[in-house]
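S.K.: Pasting data-v4.cif below, which is mmCIF, C-alpha atoms.
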data_protein
#
loop_
_atom_site.label_atom_id
_atom_site.label_comp_id
_atom_site.auth_asym_id
_atom_site.auth_seq_id
_atom_site.Cartn_x
_atom_site.Cartn_y
_atom_site.Cartn_z
CA THR A 1 -7.09 31.29 -1.50
CA MET A 2 -6.48 28.11 0.41
CA LYS A 3 -3.03 27.56 1.86
CA ILE A 4 -1.51 24.17 2.55
CA PRO A 5 1.66 24.60 4.64
CA SER A 6 4.62 22.55 3.50
CA VAL A 7 4.85 20.90 6.87
CA SER A 8 1.30 19.54 6.60
CA LEU A 9 2.28 17.01 3.96
CA LEU A 10 5.25 15.74 5.94
CA ALA A 11 3.33 15.77 9.21
CA CYS A 12 0.54 13.77 7.62
CA ALA A 13 3.02 11.08 6.68
CA LEU A 14 4.97 11.13 9.92
CA ARG A 15 1.81 10.75 12.02
CA PHE A 16 1.57 7.24 10.57
CA LEU A 17 4.17 6.08 13.10
CA SER A 18 3.64 8.64 15.84
CA PRO A 19 2.75 7.40 19.32
CA VAL A 20 -0.65 8.05 20.84
CA GLN A 21 -0.41 9.11 24.46
CA GLY A 22 -2.45 7.66 27.27
CA PHE A 23 -3.30 4.29 25.71
CA ALA A 24 -4.69 1.91 28.22
CA ALA A 25 -5.13 -1.61 27.33
CA GLU A 26 -5.47 -5.07 28.33
CA SER A 27 -3.15 -7.51 26.59
CA SER A 28 -4.51 -8.75 23.30
CA PHE A 29 -1.52 -10.93 22.47
CA ARG A 30 -0.50 -14.41 23.49
CA ARG A 31 1.71 -17.22 22.38
CA ALA A 32 0.42 -19.56 19.72
CA SER A 33 -2.34 -21.99 20.57
CA THR A 34 -5.18 -23.65 18.74
CA ALA A 35 -7.69 -20.79 19.05
CA MET A 36 -8.77 -18.97 15.89
CA HIS A 37 -10.53 -15.66 15.50
CA ALA A 38 -11.77 -13.16 12.97
CA SER A 39 -9.11 -10.67 11.97
CA THR A 40 -11.30 -7.73 12.99
CA SER A 41 -12.20 -8.99 16.47
CA THR A 42 -10.73 -6.84 19.23
CA ALA A 43 -11.85 -9.23 21.95
CA SER A 44 -9.81 -12.12 20.60
CA LYS A 45 -6.17 -12.89 21.20
CA THR A 46 -3.47 -12.57 18.58
CA GLU A 47 -1.20 -15.59 18.30
CA ILE A 48 2.55 -15.07 18.16
CA LEU A 49 4.13 -17.65 15.87
CA SER A 50 7.70 -18.78 15.47
CA GLY A 51 7.18 -19.80 11.85
CA VAL A 52 4.61 -20.20 9.09
CA ARG A 53 4.77 -23.99 9.51
CA GLU A 54 2.57 -23.72 12.60
CA ILE A 55 -0.50 -22.60 10.66
CA VAL A 56 0.26 -23.71 7.11
CA ASP A 57 -2.48 -26.36 7.01
CA ARG A 58 -5.18 -23.80 7.72
CA TYR A 59 -4.78 -21.97 4.41
CA ASP A 60 -4.67 -22.67 0.69
CA VAL A 61 -3.81 -19.14 -0.46
CA PHE A 62 -1.22 -16.69 0.87
CA LEU A 63 -1.33 -13.05 -0.22
CA LEU A 64 2.20 -11.69 0.14
CA ASP A 65 3.40 -8.14 0.53
CA MET A 66 6.88 -7.66 -0.89
CA TRP A 67 8.82 -4.84 0.81
CA GLY A 68 9.05 -5.50 4.56
CA VAL A 69 8.07 -9.16 4.21
CA MET A 70 10.13 -10.66 1.37
CA HIS A 71 12.89 -8.08 0.90
CA ASP A 72 14.12 -4.62 1.90
CA GLY A 73 14.50 -3.27 -1.63
CA GLU A 74 18.10 -4.43 -1.81
CA VAL A 75 18.25 -8.07 -0.70
CA ALA A 76 15.87 -10.90 0.15
CA TYR A 77 15.42 -11.42 3.87
CA GLU A 78 17.01 -14.46 5.46
CA GLY A 79 14.80 -17.55 5.23
CA VAL A 80 12.30 -16.11 2.75
CA LEU A 81 13.38 -18.19 -0.26
CA ASP A 82 13.17 -21.29 1.94
CA VAL A 83 9.65 -20.56 3.19
CA LEU A 84 8.43 -19.87 -0.36
CA SER A 85 9.92 -23.16 -1.52
CA LYS A 86 8.23 -25.09 1.28
CA LEU A 87 4.87 -23.42 0.68
CA LYS A 88 5.08 -24.33 -3.00
CA GLU A 89 6.00 -27.93 -2.10
CA GLN A 90 2.76 -28.09 -0.11
CA GLY A 91 0.75 -26.86 -3.07
CA LYS A 92 -0.08 -23.43 -1.69
CA ASP A 93 -1.25 -20.65 -4.00
CA LEU A 94 1.08 -17.66 -3.60
CA ILE A 95 -0.08 -14.24 -4.78
CA ILE A 96 1.99 -11.08 -4.49
CA MET A 97 0.09 -7.92 -3.56
CA SER A 98 2.31 -4.86 -3.76
CA ASN A 99 1.52 -1.17 -3.44
CA SER A 100 4.26 -0.36 -5.92
CA SER A 101 3.06 2.30 -8.36
CA LYS A 102 5.09 0.62 -11.10
CA ARG A 103 3.72 -1.86 -13.60
CA GLN A 104 3.88 -5.61 -13.05
CA SER A 105 6.83 -6.06 -15.42
CA LYS A 106 9.00 -3.83 -13.21
CA SER A 107 8.20 -5.91 -10.14
CA ILE A 108 8.98 -9.12 -12.00
CA LYS A 109 12.34 -7.66 -12.97
CA MET A 110 13.06 -6.71 -9.35
CA LEU A 111 12.05 -10.15 -8.07
CA LYS A 112 14.50 -11.80 -10.44
CA LYS A 113 17.24 -9.38 -9.41
CA LEU A 114 16.72 -10.30 -5.75
CA GLY A 115 16.85 -14.04 -6.43
CA PHE A 116 13.14 -14.88 -6.54
CA ASP A 117 11.47 -17.02 -9.20
CA PRO A 118 8.41 -15.09 -10.47
CA SER A 119 6.84 -18.37 -11.65
CA ASP A 120 6.36 -19.33 -7.99
CA PHE A 121 3.48 -16.84 -7.84
CA SER A 122 0.13 -17.41 -9.53
CA ASN A 123 -0.36 -13.65 -9.74
CA ILE A 124 1.77 -10.58 -9.15
CA ILE A 125 -0.54 -7.66 -8.44
CA THR A 126 0.91 -4.18 -8.21
CA SER A 127 -1.27 -1.17 -7.51
CA GLY A 128 0.48 0.55 -10.42
CA GLU A 129 -0.61 -2.19 -12.82
CA VAL A 130 -4.22 -2.09 -11.62
CA ALA A 131 -4.28 1.72 -11.84
CA TYR A 132 -2.83 1.47 -15.35
CA HIS A 133 -5.73 -0.73 -16.47
CA MET A 134 -8.19 1.71 -14.92
CA LEU A 135 -6.58 4.53 -16.90
CA ALA A 136 -6.62 2.41 -20.05
CA ASN A 137 -10.29 1.52 -19.49
CA THR A 138 -9.40 -2.17 -19.74
CA ASN A 139 -12.38 -4.50 -19.46
CA THR A 140 -12.20 -7.13 -16.72
CA ASP A 141 -12.64 -9.77 -19.44
CA GLU A 142 -9.52 -8.48 -21.20
CA SER A 143 -7.11 -8.67 -18.28
CA PRO A 144 -7.14 -10.45 -14.90
CA LEU A 145 -5.58 -7.30 -13.43
CA ALA A 146 -8.30 -4.91 -14.59
CA PRO A 147 -10.42 -3.36 -11.81
CA GLN A 148 -14.07 -2.45 -11.97
CA PRO A 149 -14.45 0.82 -13.92
CA TRP A 150 -14.61 4.17 -12.13
CA ASP A 151 -17.72 6.07 -13.22
CA ILE A 152 -15.86 9.41 -13.00
CA LEU A 153 -13.66 8.28 -15.90
CA GLU A 154 -16.56 7.12 -18.07
CA PRO A 155 -16.79 10.41 -20.07
CA PHE A 156 -13.16 9.93 -21.15
CA ALA A 157 -13.45 6.30 -22.24
CA ASN A 158 -13.61 7.13 -25.96
CA ALA A 159 -12.20 10.66 -25.92
CA ASP A 160 -9.57 11.52 -28.51
CA LYS A 161 -7.57 13.58 -26.06
CA LYS A 162 -7.39 12.77 -22.38
CA LYS A 163 -5.21 15.03 -20.29
CA VAL A 164 -3.56 14.12 -17.01
CA PHE A 165 -1.36 15.89 -14.47
CA CYS A 166 1.20 13.69 -12.72
CA PHE A 167 2.74 13.70 -9.28
CA GLY A 168 5.47 11.30 -10.27
CA SER A 169 8.23 8.99 -9.21
CA GLY A 170 10.63 10.36 -11.80
CA ASP A 171 10.90 6.90 -13.31
CA GLY A 172 8.88 6.45 -16.50
CA ASP A 173 5.98 8.72 -15.55
CA GLU A 174 5.36 9.99 -19.08
CA GLU A 175 5.54 6.51 -20.60
CA TYR A 176 3.16 5.23 -17.94
CA VAL A 177 0.38 7.70 -18.76
CA THR A 178 0.89 8.02 -22.52
CA SER A 179 0.98 4.27 -23.15
CA CYS A 180 -2.55 3.96 -21.78
CA GLY A 181 -3.94 6.79 -23.88
CA TRP A 182 -3.41 9.94 -21.81
CA GLU A 183 -1.17 12.95 -22.36
CA LEU A 184 0.54 15.04 -19.71
CA ALA A 185 -0.92 18.50 -19.23
CA SER A 186 -0.94 21.46 -16.88
CA MET A 187 -3.36 21.44 -13.96
CA GLU A 188 -5.47 24.08 -15.74
CA GLU A 189 -6.01 21.68 -18.67
CA ALA A 190 -6.06 18.36 -16.83
CA ASP A 191 -9.08 16.07 -16.73
CA LEU A 192 -7.43 13.86 -14.12
CA ILE A 193 -4.51 13.72 -11.68
CA VAL A 194 -2.36 10.64 -11.15
CA ALA A 195 -0.29 10.43 -7.97
CA ARG A 196 2.32 7.71 -8.45
CA GLY A 197 5.30 9.17 -6.64
CA TYR A 198 6.51 11.80 -4.19
CA PHE A 199 9.51 12.95 -6.20
CA THR A 200 8.33 15.04 -9.18
CA VAL A 201 5.63 17.51 -10.14
CA ASN A 202 5.13 16.98 -13.87
CA ASP A 203 2.82 18.79 -16.29
CA GLY A 204 4.54 17.48 -19.42
CA THR A 205 6.41 20.72 -20.03
CA ASN A 206 7.94 21.59 -16.70
CA ILE A 207 9.20 19.05 -14.19
CA VAL A 208 10.14 19.99 -10.64
CA HIS A 209 12.24 17.20 -9.13
CA LYS A 210 12.82 16.97 -5.40
CA LYS A 211 16.34 15.63 -5.86
CA ASP A 212 17.47 17.99 -8.63
CA ASP A 213 15.65 21.17 -7.62
CA GLY A 214 15.67 20.74 -3.86
CA GLU A 215 12.97 19.88 -1.36
CA GLU A 216 11.85 23.48 -0.84
CA ALA A 217 11.17 24.05 -4.55
CA TYR A 218 9.47 20.67 -4.79
CA LEU A 219 7.16 21.30 -1.82
CA HIS A 220 6.30 24.76 -3.13
CA ALA A 221 5.31 23.28 -6.51
CA LEU A 222 3.39 20.48 -4.81
CA GLU A 223 1.41 22.92 -2.65
CA GLU A 224 0.68 25.19 -5.59
CA GLN A 225 -0.66 22.38 -7.76
CA ILE A 226 -2.78 20.87 -4.95
CA GLN A 227 -4.36 24.29 -4.42
CA LYS A 228 -5.16 24.62 -8.13
CA ALA A 229 -6.57 21.09 -8.29
CA ALA A 230 -8.80 21.61 -5.25
CA GLN A 231 -10.23 24.81 -6.72
CA CYS A 232 -11.15 22.96 -9.91
CA LYS A 233 -12.17 19.72 -8.13
CA ILE A 234 -10.17 17.51 -10.50
CA PRO A 235 -10.44 13.76 -9.79
CA MET A 236 -7.30 11.95 -8.62
CA ILE A 237 -6.08 8.36 -8.85
CA VAL A 238 -3.53 7.45 -6.18
CA ALA A 239 -1.51 4.58 -7.64
CA ASN A 240 0.19 3.77 -4.32
CA PRO A 241 -1.76 4.38 -1.09
CA ASP A 242 1.35 3.98 1.10
CA LYS A 243 2.00 7.12 3.14
CA ILE A 244 5.59 6.34 4.10
CA ARG A 245 8.37 4.46 2.40
CA PRO A 246 9.65 1.65 4.68
CA ASP A 247 13.24 2.91 4.68
CA ALA A 248 15.41 4.54 7.32
CA ASP A 249 14.26 8.05 6.35
CA ARG A 250 10.53 7.19 6.30
CA THR A 251 10.19 9.16 3.04
CA PRO A 252 6.62 10.29 2.25
CA MET A 253 4.78 8.35 -0.47
CA PRO A 254 1.82 9.03 -2.81
CA GLY A 255 -0.79 8.20 -0.16
CA THR A 256 0.33 11.38 1.60
CA ILE A 257 -0.57 13.39 -1.51
CA GLY A 258 -3.99 11.77 -1.68
CA VAL A 259 -4.73 12.55 1.97
CA ALA A 260 -3.47 16.13 1.57
CA TYR A 261 -5.68 16.59 -1.49
CA GLU A 262 -8.75 15.29 0.33
CA SER A 263 -7.97 17.74 3.12
CA ALA A 264 -7.63 20.59 0.62
CA LEU A 265 -11.01 19.70 -0.85
CA SER A 266 -12.44 20.07 2.65
CA GLY A 267 -15.97 18.69 2.56
CA ASP A 268 -16.09 18.64 -1.22
CA ALA A 269 -14.08 15.43 -1.85
CA ASN A 270 -17.27 13.54 -2.77
CA GLY A 271 -15.49 10.50 -4.17
CA LEU A 272 -12.98 12.53 -6.19
CA VAL A 273 -9.97 10.58 -4.87
CA ARG A 274 -9.63 6.92 -5.85
CA TYR A 275 -6.92 4.94 -4.06
CA ILE A 276 -5.72 1.83 -5.89
CA GLY A 277 -3.88 -0.66 -3.68
CA LYS A 278 -4.03 -2.05 -0.17
CA PRO A 279 -6.15 -1.59 1.94
CA PHE A 280 -8.70 -0.63 -0.73
CA ALA A 281 -11.06 -3.08 -2.37
CA ASP A 282 -9.95 -3.10 -6.04
CA VAL A 283 -6.78 -5.13 -5.51
CA TYR A 284 -8.44 -7.57 -3.13
CA GLU A 285 -11.30 -8.18 -5.55
CA ILE A 286 -8.70 -9.14 -8.17
CA ALA A 287 -6.69 -11.35 -5.81
CA LEU A 288 -9.70 -13.11 -4.28
CA ARG A 289 -11.70 -13.92 -7.41
CA GLY A 290 -12.84 -17.53 -7.10
CA LYS A 291 -11.13 -18.02 -3.71
CA ASP A 292 -12.61 -19.36 -0.49
CA ARG A 293 -11.86 -16.45 1.83
CA SER A 294 -11.83 -18.67 4.89
CA ARG A 295 -8.73 -20.36 3.41
CA VAL A 296 -6.86 -17.14 2.53
CA CYS A 297 -4.25 -15.39 4.67
CA MET A 298 -2.66 -11.97 4.10
CA VAL A 299 1.04 -11.68 5.02
CA GLY A 300 2.19 -8.09 5.52
CA ASP A 301 4.19 -5.71 7.68
CA ALA A 302 2.00 -2.57 7.67
CA LEU A 303 -1.04 -2.17 9.91
CA GLU A 304 -2.56 0.62 7.82
CA THR A 305 -2.45 -1.21 4.50
CA ASP A 306 -1.89 -4.98 4.81
CA ILE A 307 -3.69 -5.67 8.10
CA THR A 308 -6.43 -3.08 7.60
CA GLY A 309 -7.15 -4.50 4.14
CA ALA A 310 -7.31 -8.07 5.44
CA GLY A 311 -9.74 -7.04 8.16
CA ALA A 312 -11.97 -5.16 5.71
CA GLU A 313 -12.08 -8.18 3.41
CA GLY A 314 -12.78 -10.66 6.21
CA ILE A 315 -9.60 -12.69 5.77
CA ASP A 316 -6.97 -13.71 8.31
CA SER A 317 -3.61 -11.98 8.53
CA ILE A 318 -0.01 -12.55 9.56
CA TRP A 319 1.67 -9.38 10.77
CA VAL A 320 5.44 -9.60 10.10
CA VAL A 321 7.00 -7.26 12.64
CA ASN A 322 10.80 -7.43 12.82
CA ASP A 323 11.61 -6.58 9.20
CA GLY A 324 8.94 -4.07 8.30
CA ILE A 325 7.75 -0.55 8.84
CA HIS A 326 6.85 -0.94 12.54
CA ASN A 327 10.03 -2.70 13.68
CA VAL A 328 11.69 0.29 15.37
CA ASP A 329 8.48 1.35 17.08
CA ILE A 330 7.80 -2.17 18.38
CA GLU A 331 11.33 -2.56 19.71
CA LYS A 332 11.22 0.83 21.43
CA LYS A 333 7.81 0.35 23.02
CA GLY A 334 8.38 -3.30 23.94
CA ASP A 335 11.50 -2.67 26.02
CA GLY A 336 12.75 -6.15 25.15
CA SER A 337 9.34 -7.81 24.88
CA LEU A 338 7.97 -8.52 21.40
CA GLU A 339 4.55 -9.19 22.84
CA ALA A 340 4.40 -5.89 24.74
CA GLY A 341 5.75 -3.91 21.79
CA CYS A 342 3.21 -5.34 19.37
CA GLU A 343 0.38 -4.81 21.84
CA LYS A 344 1.24 -1.14 22.34
CA VAL A 345 1.68 -0.39 18.63
CA VAL A 346 -1.66 -1.98 17.75
CA ASP A 347 -3.50 -0.29 20.61
CA GLU A 348 -2.07 3.09 19.64
CA PHE A 349 -2.99 2.54 16.00
CA ASN A 350 -6.55 1.62 17.00
CA GLN A 351 -6.95 4.89 18.89
CA ARG A 352 -6.07 7.01 15.88
CA LYS A 353 -8.72 8.55 13.63
CA ASP A 354 -6.41 9.61 10.77
CA THR A 355 -5.75 6.17 9.25
CA TYR A 356 -7.34 4.24 6.41
CA ALA A 357 -8.89 1.96 9.04
CA LYS A 358 -11.22 4.85 9.98
CA GLY A 359 -11.96 3.51 13.43
CA GLN A 360 -11.96 -0.19 12.55
CA GLN A 361 -10.33 -1.92 15.52
CA LEU A 362 -7.54 -4.10 14.15
CA SER A 363 -6.38 -7.36 15.67
CA PRO A 364 -3.99 -9.30 13.42
CA THR A 365 -4.72 -13.01 13.47
CA PHE A 366 -1.05 -13.85 13.94
CA VAL A 367 2.23 -12.08 14.67
CA LEU A 368 5.43 -13.42 13.12
CA PRO A 369 8.88 -11.94 13.83
CA HIS A 370 10.19 -12.77 10.33
CA PHE A 371 8.60 -14.43 7.32
CA ARG A 372 10.23 -17.81 7.83
CA TRP A 373 9.20 -21.43 7.87
#
Can the structure from this file be put into structure tokens for me?
M.R.:
Amino acid sequence: TMKIPSVSLLACALRFLSPVQGFAAESSFRRASTAMHASTSTASKTEILSGVREIVDRYDVFLLDMWGVMHDGEVAYEGVLDVLSKLKEQGKDLIIMSNSSKRQSKSIKMLKKLGFDPSDFSNIITSGEVAYHMLANTNTDESPLAPQPWDILEPFANADKKKVFCFGSGDGDEEYVTSCGWELASMEEADLIVARGYFTVNDGTNIVHKKDDGEEAYLHALEEQIQKAAQCKIPMIVANPDKIRPDADRTPMPGTIGVAYESALSGDANGLVRYIGKPFADVYEIALRGKDRSRVCMVGDALETDITGAGAEGIDSIWVVNDGIHNVDIEKKGDGSLEAGCEKVVDEFNQRKDTYAKGQQLSPTFVLPHFRW
């Protein structure tokens, strides 16, 4: 019987921000100039900007992360509404790309609550919405947010009963899966697993909630179900690839479950885990349809999702550093120097083998302290 220690799930998530010892590097950062480079080139220099205005003429399309770039989950960051207004005035195409496991309508509601105008964005892409259309077997002609089909789900396309086990957020999990034609079931009966949160273990009958039942009971249930799933080799959709929530506690996220499941499968994963969201291709294919990639720029705070995804897709990137997930690490390692802090964090990330980048050497095209004009 395979055993997955409780600590392995937390450690997997926490390694996302852990330092790598013994990095040695030559500076790859400099202040803004006219030089341009490919976002995956390690030999090139990353430009540090003071505002988006410095490079605005180079791009027609801006792909925008939400949390860590536009807001902190509670309030919009200073200057963000102004920069969005100025970008719109210049005719730029603004597309939100969020790894939220919720549907698009939930993100629209949150944007309004935080003072944003959803009509400013030509598309609002959430990983949860794209995963929903995959579950619903939506044709790409039927919705602009439908991904290419996953062949593993093909046998269930016209099935009367499709059964799914859910690692949930505790917020509308049952409605999410039932409204696209699936019913919650135990792991023994499940045809599929959906990981859309790190708060509940839900088989439709019994729900173990981390908040209500305690973390120990939750982790025990999580381990038990991952073991069962790995023994049966049940396919999994991860509706949010993020490994850590960008809050003070660095709470684990669904990406951690996906990585733990792949580890439990050992060498037998064989395409059984499908991640929907940055840095994976499905969401970028949707966002970039009909776009000239040389005129597209990704704006994000996370190296492992936003910047890795931009590099994989061959588009430029702006790494927003003072409001997002790396801010504490950059400040600590920089000892008062933004340039030094960014350099060390990127170099340490590039030495790691446990990230979605899988050895790809990242070099953000630009660094920006805050997403401001």
S.K.: If the PyMOL selection byres ((chain A and resi 87) around 10) is run on the structure shown, which residues does it catch, given as a list in words?
M.R.: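 After applying the PyMOL selection byres ((chain A and resi 87) around 10), what remains is Val52, Arg53, Val56, Asp60, Val61, Phe62, Asp82, Val83, Leu84, Ser85, Lys86, Lys88, Glu89, Gln90, Gly91, Lys92, Asp93, Leu94, Asp120 and Trp373 of chain A.
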S.K.: Nearest to A:Val208: which of A:Ile234, A:Cys166, A:Ile325, A:Ile108 is it, counting all atoms listed in the file?
M.R.: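 Of the candidates, the smallest distance to A:Val208 is held by A:Cys166.
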S.K.: Given the file shown, enumerate the residues that the PyMOL selection byres ((chain A and resi 171-180) around 12) captures and present them as an NGL selection string.
M.R.: :A and (101-104 or 106 or 128-138 or 157 or 161-170 or 181-185 or 192-205 or 207 or 209 or 237 or 239)
S.K.: For the provided coordinates, the residues matched by the PyMOL selection byres ((chain A and resi 365) around 6) should be stated as a ChimeraX atom specification.
M.R.: /A:39,46,316-317,364,366
S.K.: What is the distance between atom CA of A:Ala310 and atom CA of A:Cys342, in Å to one decimal?
M.R.: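 The value is 17.7 Å.
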